[in-house]
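Student: Provided herewith is a single structure, encoded as structure tokens, for subsequent inquiry.
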Amino acid sequence: MDQSPGCLSPEATLREIQINLLECKVCFETFTSQQRERRPQNLSCGHVLCLECIAGLSHPLLRKLECPFCRQLCSVDNISHCQVLSDLQDLLLSQKPSSSAPPRRAKGGLISETALHLVAAFGGWGTLTNPTGVAVLGPTEEVVVVHDGQQRVAVFNQQGRKLHSFGERGTGNGDIRYPVDVAVSPTGFIIVTDAGDKAVKVFTSRGTHIVTVKGCFQLPWGVDTDSGGHILVSDVQVGALFRIKVDFGHGVVTENQAVRTNLQSPEAVAHCPKTGNTAVVEHPKHQTRTLKVFAKDFHLLYQVDAFSLSLQSSFRLTVSDVAFSSDGDVVVSDADQGLICSLGNPQNHPVLTPLVGDHLIRPAGLVLLNNTIITVDGGDHTVKIYSTKPDA
């Protein structure tokens with residue numbers, strides 16, 4: 001029987017504990033006391049990393065590192081073993097045989113076959129650090145990624161060669177403090193939501209800063225553009241969807257209005273060029289996520305959530321990101337289970353079709369391009385490209 005919204009089964013609770021507590025949030029490897037480099041270590045700020053990541057992030061001479069989560073400067077000499085997590089892990093292992101322990105990602109048991117196959121993967125720790133958004137740049141189809149590196153925006157060709165990067169980590173007008181999502185305008189400008197600066201920042205394809213839009217945002221999150229070049233931005237704290245018009249040639253904002261209000265923590269945003277519809281994923285705290293799709297005039301067409309989707313499938317899909325196919329079908333990702341699925345046209349009746357389930361840990365961004373899906377995987381810090389042709 002399906003669980004009510006907001007209520008997890010014991011198996012799902014164990015999986016959440018393993019994912020959210022018992023793994024390092026930098027390398028996403030499971031903590032263990034059996035391997036020295038994987039032992040959980042307390043930083044002076046209170047965050048926990050594995051010993052290997054602390055060694056990799058710290059300055060070899062100063063023996064200090066900047067916490068990747070709160071940015072506090074911590075000394076390697078002040079770290080300590082996190083005994084609580086080790087005890088929790090031992091307790092879980094003693095309560096359940098390892099052969100029946102909940103899987104790190106519920107994949108194989110959920111889907112037996114997917115329509116798309118992995119054809120390329122590139123990036124990885126060091127090249128990309130906790131990527132959160134992806135977009136495709138114009139006719140060249142270059143892949144634009146925002147991540148937590150020193151240069152916040154990285155541009156690759158589809159063979160994985162890094163072409164250039166920009167967006168220094170910093171507080172300057174053209175710098176980026178905490179990028180969340182990225183989009184590309186029809187004319188090739190790159191738009192980044194900067195949650196750290198409470199702003200939306202526009203750059204040329206080569207990284208020249210054009211304009212910063214701020215003052216109306218509290219926590220800008222998802223971003224996309226429509227066929228007319230308007231920028232669509234969600235704000236998690238304001239609970240609104242904004243539409244912004246920028247004169248890119250002069251670097252001037254000519255329009256900025258909230259086209260939808262009273263949304264519940266809206267995050268991912270996607271626009272459909274074919275229909276003119278806009279999709280938003282709401283992520284209210286302690287409640288089920290909801291996918292809402294709006295018409296051109298931004299009135300609500302329909303909405304679906306995990307509970308309604310579970311009525312016609314054997315598993316519970318939690319929507320974390322959304323995109324549209326060229327035909328107008330809705331495609332969503334589930335970051336918790338490492339899945340990408342098509343919903344078809346949910347306005348008629350959602351038909352849940354798994355598209356991607358292999359070699360995917362935590363999809364954190366989603367782009368559809370012809371018969372190809374491009375996503376960034378926060379689990380192993382990579383860009384992954386899936387196609388209908390295994391040998392593409």
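If you're wondering about the labels, chains in the structure tokens are A, B, ... by order shown, residues count from 1 in each chain, ligands from 1 in order shown.
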Residues near Asn157 (chain A), anyone? I mean within 12 Å using only C-alpha atoms, not counting same-chain ones fewer than 6 positions away, as a PDB file with C-alpha atoms, in the first residue's frame.
Tutor:
ATOM      1  CA  ALA A 120      29.147  10.078 -22.769  1.00  0.00           C
ATOM      2  CA  ALA A 121      30.205  11.170 -19.290  1.00  0.00           C
ATOM      3  CA  PHE A 122      32.757  13.826 -18.440  1.00  0.00           C
ATOM      4  CA  GLY A 123      33.822  16.217 -15.711  1.00  0.00           C
ATOM      5  CA  ALA A 135      22.072  24.326 -20.320  1.00  0.00           C
ATOM      6  CA  VAL A 136      22.963  24.043 -24.009  1.00  0.00           C
ATOM      7  CA  LEU A 137      24.441  26.944 -25.929  1.00  0.00           C
ATOM      8  CA  GLY A 138      22.942  27.670 -29.340  1.00  0.00           C
ATOM      9  CA  PRO A 139      23.659  25.835 -32.598  1.00  0.00           C
ATOM     10  CA  THR A 140      27.101  24.709 -31.389  1.00  0.00           C
ATOM     11  CA  GLU A 141      25.328  22.686 -28.663  1.00  0.00           C
ATOM     12  CA  GLU A 142      28.078  23.441 -26.176  1.00  0.00           C
ATOM     13  CA  VAL A 143      27.223  22.323 -22.638  1.00  0.00           C
ATOM     14  CA  VAL A 144      27.127  25.052 -19.968  1.00  0.00           C
ATOM     15  CA  VAL A 145      27.388  23.927 -16.329  1.00  0.00           C
ATOM     16  CA  LEU A 163      36.453  25.075 -23.719  1.00  0.00           C
ATOM     17  CA  HIS A 164      36.525  27.859 -21.149  1.00  0.00           C
ATOM     18  CA  VAL A 383      27.909  15.686 -17.063  1.00  0.00           C
ATOM     19  CA  ILE A 385      24.619  12.404 -22.014  1.00  0.00           C
TER      20      ILE A 385
END
Student: Please determine, counting only C-alpha atoms, which residue among A:Gly170, A:Gly239, A:Gly46, A:Pro186 has the shortest atom-to-atom distance to Ala258 (chain A).
Tutor: A:Gly239
Student: When DSSP is applied to the backbone of this structure, which of region 191-369 of chain A are assigned strand (DSSP E)? Write them out as an NGL selection string.
Tutor: :A and (191-194 or 199-203 or 209-214 or 220-225 or 231-235 or 240-247 or 252-260 or 266-271 or 278-282 or 290-294 or 300-305 or 321-324 or 330-334 or 339-344 or 353-356 or 363-369)
Student: With only C-alpha atoms as the atoms that count, which of A:Thr288, A:Ser342, A:Ser33, A:Thr382 lies nearest to His147 (chain A)?
Tutor: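 The shortest atom-to-atom distance to His147 (chain A) comes from A:Thr382.
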Student: My list of candidates is A:Pro68, A:Gly365, A:Gly379, A:Gly124. Which is closest to Gln337 (chain A) when distances are computed with only C-alpha atoms?
Tutor: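 Checking each of A:Pro68, A:Gly365, A:Gly379, A:Gly124 against Gln337 (chain A), counting only C-alpha atoms, the winner is A:Gly379.
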Student: Write out as JSON lines a residue-level contact list of region 68-183 of chain A versus region 213-230 of chain A with cut-off 6 Å: for each qualifying residue the closest pair of atoms and the distance in Å to one decimal, counting only C-alpha atoms, rows sorted by chain and residue number upward.
Tutor:
{"residue": "A:Val180", "atom": "CA", "partner": "A:Trp221", "partner_atom": "CA", "distance": 5.9}
{"residue": "A:Asp181", "atom": "CA", "partner": "A:Gly222", "partner_atom": "CA", "distance": 5.6}
{"residue": "A:Ala183", "atom": "CA", "partner": "A:Asp224", "partner_atom": "CA", "distance": 5.1}
Student: Just how far from CA of Leu339 (chain A) is CA of Leu360 (chain A), in Å to one decimal?
Tutor: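 Between CA of Leu360 (chain A) and CA of Leu339 (chain A) the gap is 7.1 Å.
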Student: List the neighbours of Ser44 (chain A) out to 12 Å using only C-alpha atoms; skip same-chain residues closer than 4 positions along the sequence, and give me the result as a ChimeraX atom specification.
Tutor: /A:48-49,64-67,70-82
Student: Write the residues you've just listed into a file as an mmCIF file, in the first residue's frame, and include N, CA and C atoms for each of them.
Tutor:
data_model
loop_
_atom_site.group_PDB
_atom_site.id
_atom_site.type_symbol
_atom_site.label_atom_id
_atom_site.label_comp_id
_atom_site.auth_asym_id
_atom_site.auth_seq_id
_atom_site.Cartn_x
_atom_site.Cartn_y
_atom_site.Cartn_z
ATOM 1 N N VAL A 48 30.470 17.461 8.572
ATOM 2 C CA VAL A 48 31.211 16.199 8.577
ATOM 3 C C VAL A 48 31.625 15.830 7.159
ATOM 4 N N LEU A 49 32.910 15.516 6.978
ATOM 5 C CA LEU A 49 33.443 15.047 5.706
ATOM 6 C C LEU A 49 34.263 13.796 5.971
ATOM 7 N N LYS A 64 44.747 24.136 6.495
ATOM 8 C CA LYS A 64 43.407 24.695 6.686
ATOM 9 C C LYS A 64 42.585 24.456 5.427
ATOM 10 N N LEU A 65 41.255 24.414 5.597
ATOM 11 C CA LEU A 65 40.356 24.286 4.456
ATOM 12 C C LEU A 65 39.126 25.126 4.702
ATOM 13 N N GLU A 66 38.521 25.546 3.606
ATOM 14 C CA GLU A 66 37.254 26.260 3.669
ATOM 15 C C GLU A 66 36.144 25.233 3.581
ATOM 16 N N CYS A 67 35.291 25.176 4.605
ATOM 17 C CA CYS A 67 34.190 24.213 4.579
ATOM 18 C C CYS A 67 33.367 24.410 3.312
ATOM 19 N N CYS A 70 29.530 25.792 4.597
ATOM 20 C CA CYS A 70 29.298 27.070 5.277
ATOM 21 C C CYS A 70 30.402 28.089 5.035
ATOM 22 N N ARG A 71 31.486 27.673 4.353
ATOM 23 C CA ARG A 71 32.606 28.556 4.002
ATOM 24 C C ARG A 71 33.445 28.988 5.196
ATOM 25 N N GLN A 72 33.237 28.396 6.356
ATOM 26 C CA GLN A 72 34.069 28.727 7.507
ATOM 27 C C GLN A 72 35.452 28.117 7.336
ATOM 28 N N LEU A 73 36.480 28.846 7.735
ATOM 29 C CA LEU A 73 37.848 28.358 7.649
ATOM 30 C C LEU A 73 38.109 27.414 8.823
ATOM 31 N N CYS A 74 38.498 26.190 8.528
ATOM 32 C CA CYS A 74 38.685 25.166 9.559
ATOM 33 C C CYS A 74 40.112 24.628 9.509
ATOM 34 N N SER A 75 40.640 24.305 10.660
ATOM 35 C CA SER A 75 41.987 23.746 10.755
ATOM 36 C C SER A 75 41.933 22.226 10.715
ATOM 37 N N VAL A 76 42.822 21.632 9.934
ATOM 38 C CA VAL A 76 42.907 20.179 9.874
ATOM 39 C C VAL A 76 43.323 19.618 11.225
ATOM 40 N N ASP A 77 44.065 20.389 11.995
ATOM 41 C CA ASP A 77 44.546 19.917 13.294
ATOM 42 C C ASP A 77 43.426 19.826 14.334
ATOM 43 N N ASN A 78 42.262 20.411 14.017
ATOM 44 C CA ASN A 78 41.154 20.419 14.984
ATOM 45 C C ASN A 78 40.034 19.452 14.613
ATOM 46 N N ILE A 79 40.241 18.610 13.586
ATOM 47 C CA ILE A 79 39.199 17.656 13.238
ATOM 48 C C ILE A 79 39.173 16.523 14.259
ATOM 49 N N SER A 80 38.023 15.853 14.330
ATOM 50 C CA SER A 80 37.884 14.717 15.250
ATOM 51 C C SER A 80 36.966 13.676 14.620
ATOM 52 N N HIS A 81 37.138 12.439 15.027
ATOM 53 C CA HIS A 81 36.315 11.365 14.492
ATOM 54 C C HIS A 81 34.868 11.539 14.947
ATOM 55 N N CYS A 82 33.921 11.401 13.985
ATOM 56 C CA CYS A 82 32.502 11.522 14.317
ATOM 57 C C CYS A 82 31.984 10.158 14.764
#
Student: Determine the nearest neighbour of Leu85 (chain A) from the options A:Asn42, A:Arg206, A:Cys53, A:Trp125, counting only C-alpha atoms.
Tutor: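 Using only C-alpha atoms, Leu85 (chain A) sits closest to A:Asn42.
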Student: Enter the distance from CA of Gln159 (chain A) to CA of Thr372 (chain A), in Å, rounded to one decimal.
Tutor: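 About the pair CA of Gln159 (chain A) and CA of Thr372 (chain A): they are 13.8 Å apart.
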Student: Within 6 Å of Phe242 (chain A), counting only C-alpha atoms, which residues show up once you throw out same-chain ones fewer than 6 positions away? Write them as a list in words, please.
Tutor: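 Result of the neighbour search: Leu232, Val233, Gln257, Ala258 and Val259 of chain A.
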Student: Which one is closest to Cys27 (chain A): A:Val119, A:Gly378, A:Leu241, A:Leu309? Count only C-alpha atoms.
Tutor: A:Gly378
Student: Residues within 9 Å of Arg36 (chain A), please, as a list in words. Count only C-alpha atoms; anything in the same chain fewer than 4 positions from it doesn't count.
Tutor: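 Neighbouring residues, sequence-local ones excluded: Thr32, Cys50, Leu51 and Glu52 of chain A.
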Student: Would you mind exporting the chosen residues as an mmCIF file, in the first residue's frame, restricted to C-alpha atoms?
Tutor:
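Contents of part-v8.cif, freshly written:
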data_model
loop_
_atom_site.group_PDB
_atom_site.id
_atom_site.type_symbol
_atom_site.label_atom_id
_atom_site.label_comp_id
_atom_site.auth_asym_id
_atom_site.auth_seq_id
_atom_site.Cartn_x
_atom_site.Cartn_y
_atom_site.Cartn_z
ATOM 1 C CA THR A 32 33.088 3.506 7.044
ATOM 2 C CA CYS A 50 35.460 11.919 5.075
ATOM 3 C CA LEU A 51 39.173 12.052 5.848
ATOM 4 C CA GLU A 52 40.138 11.775 2.169
#
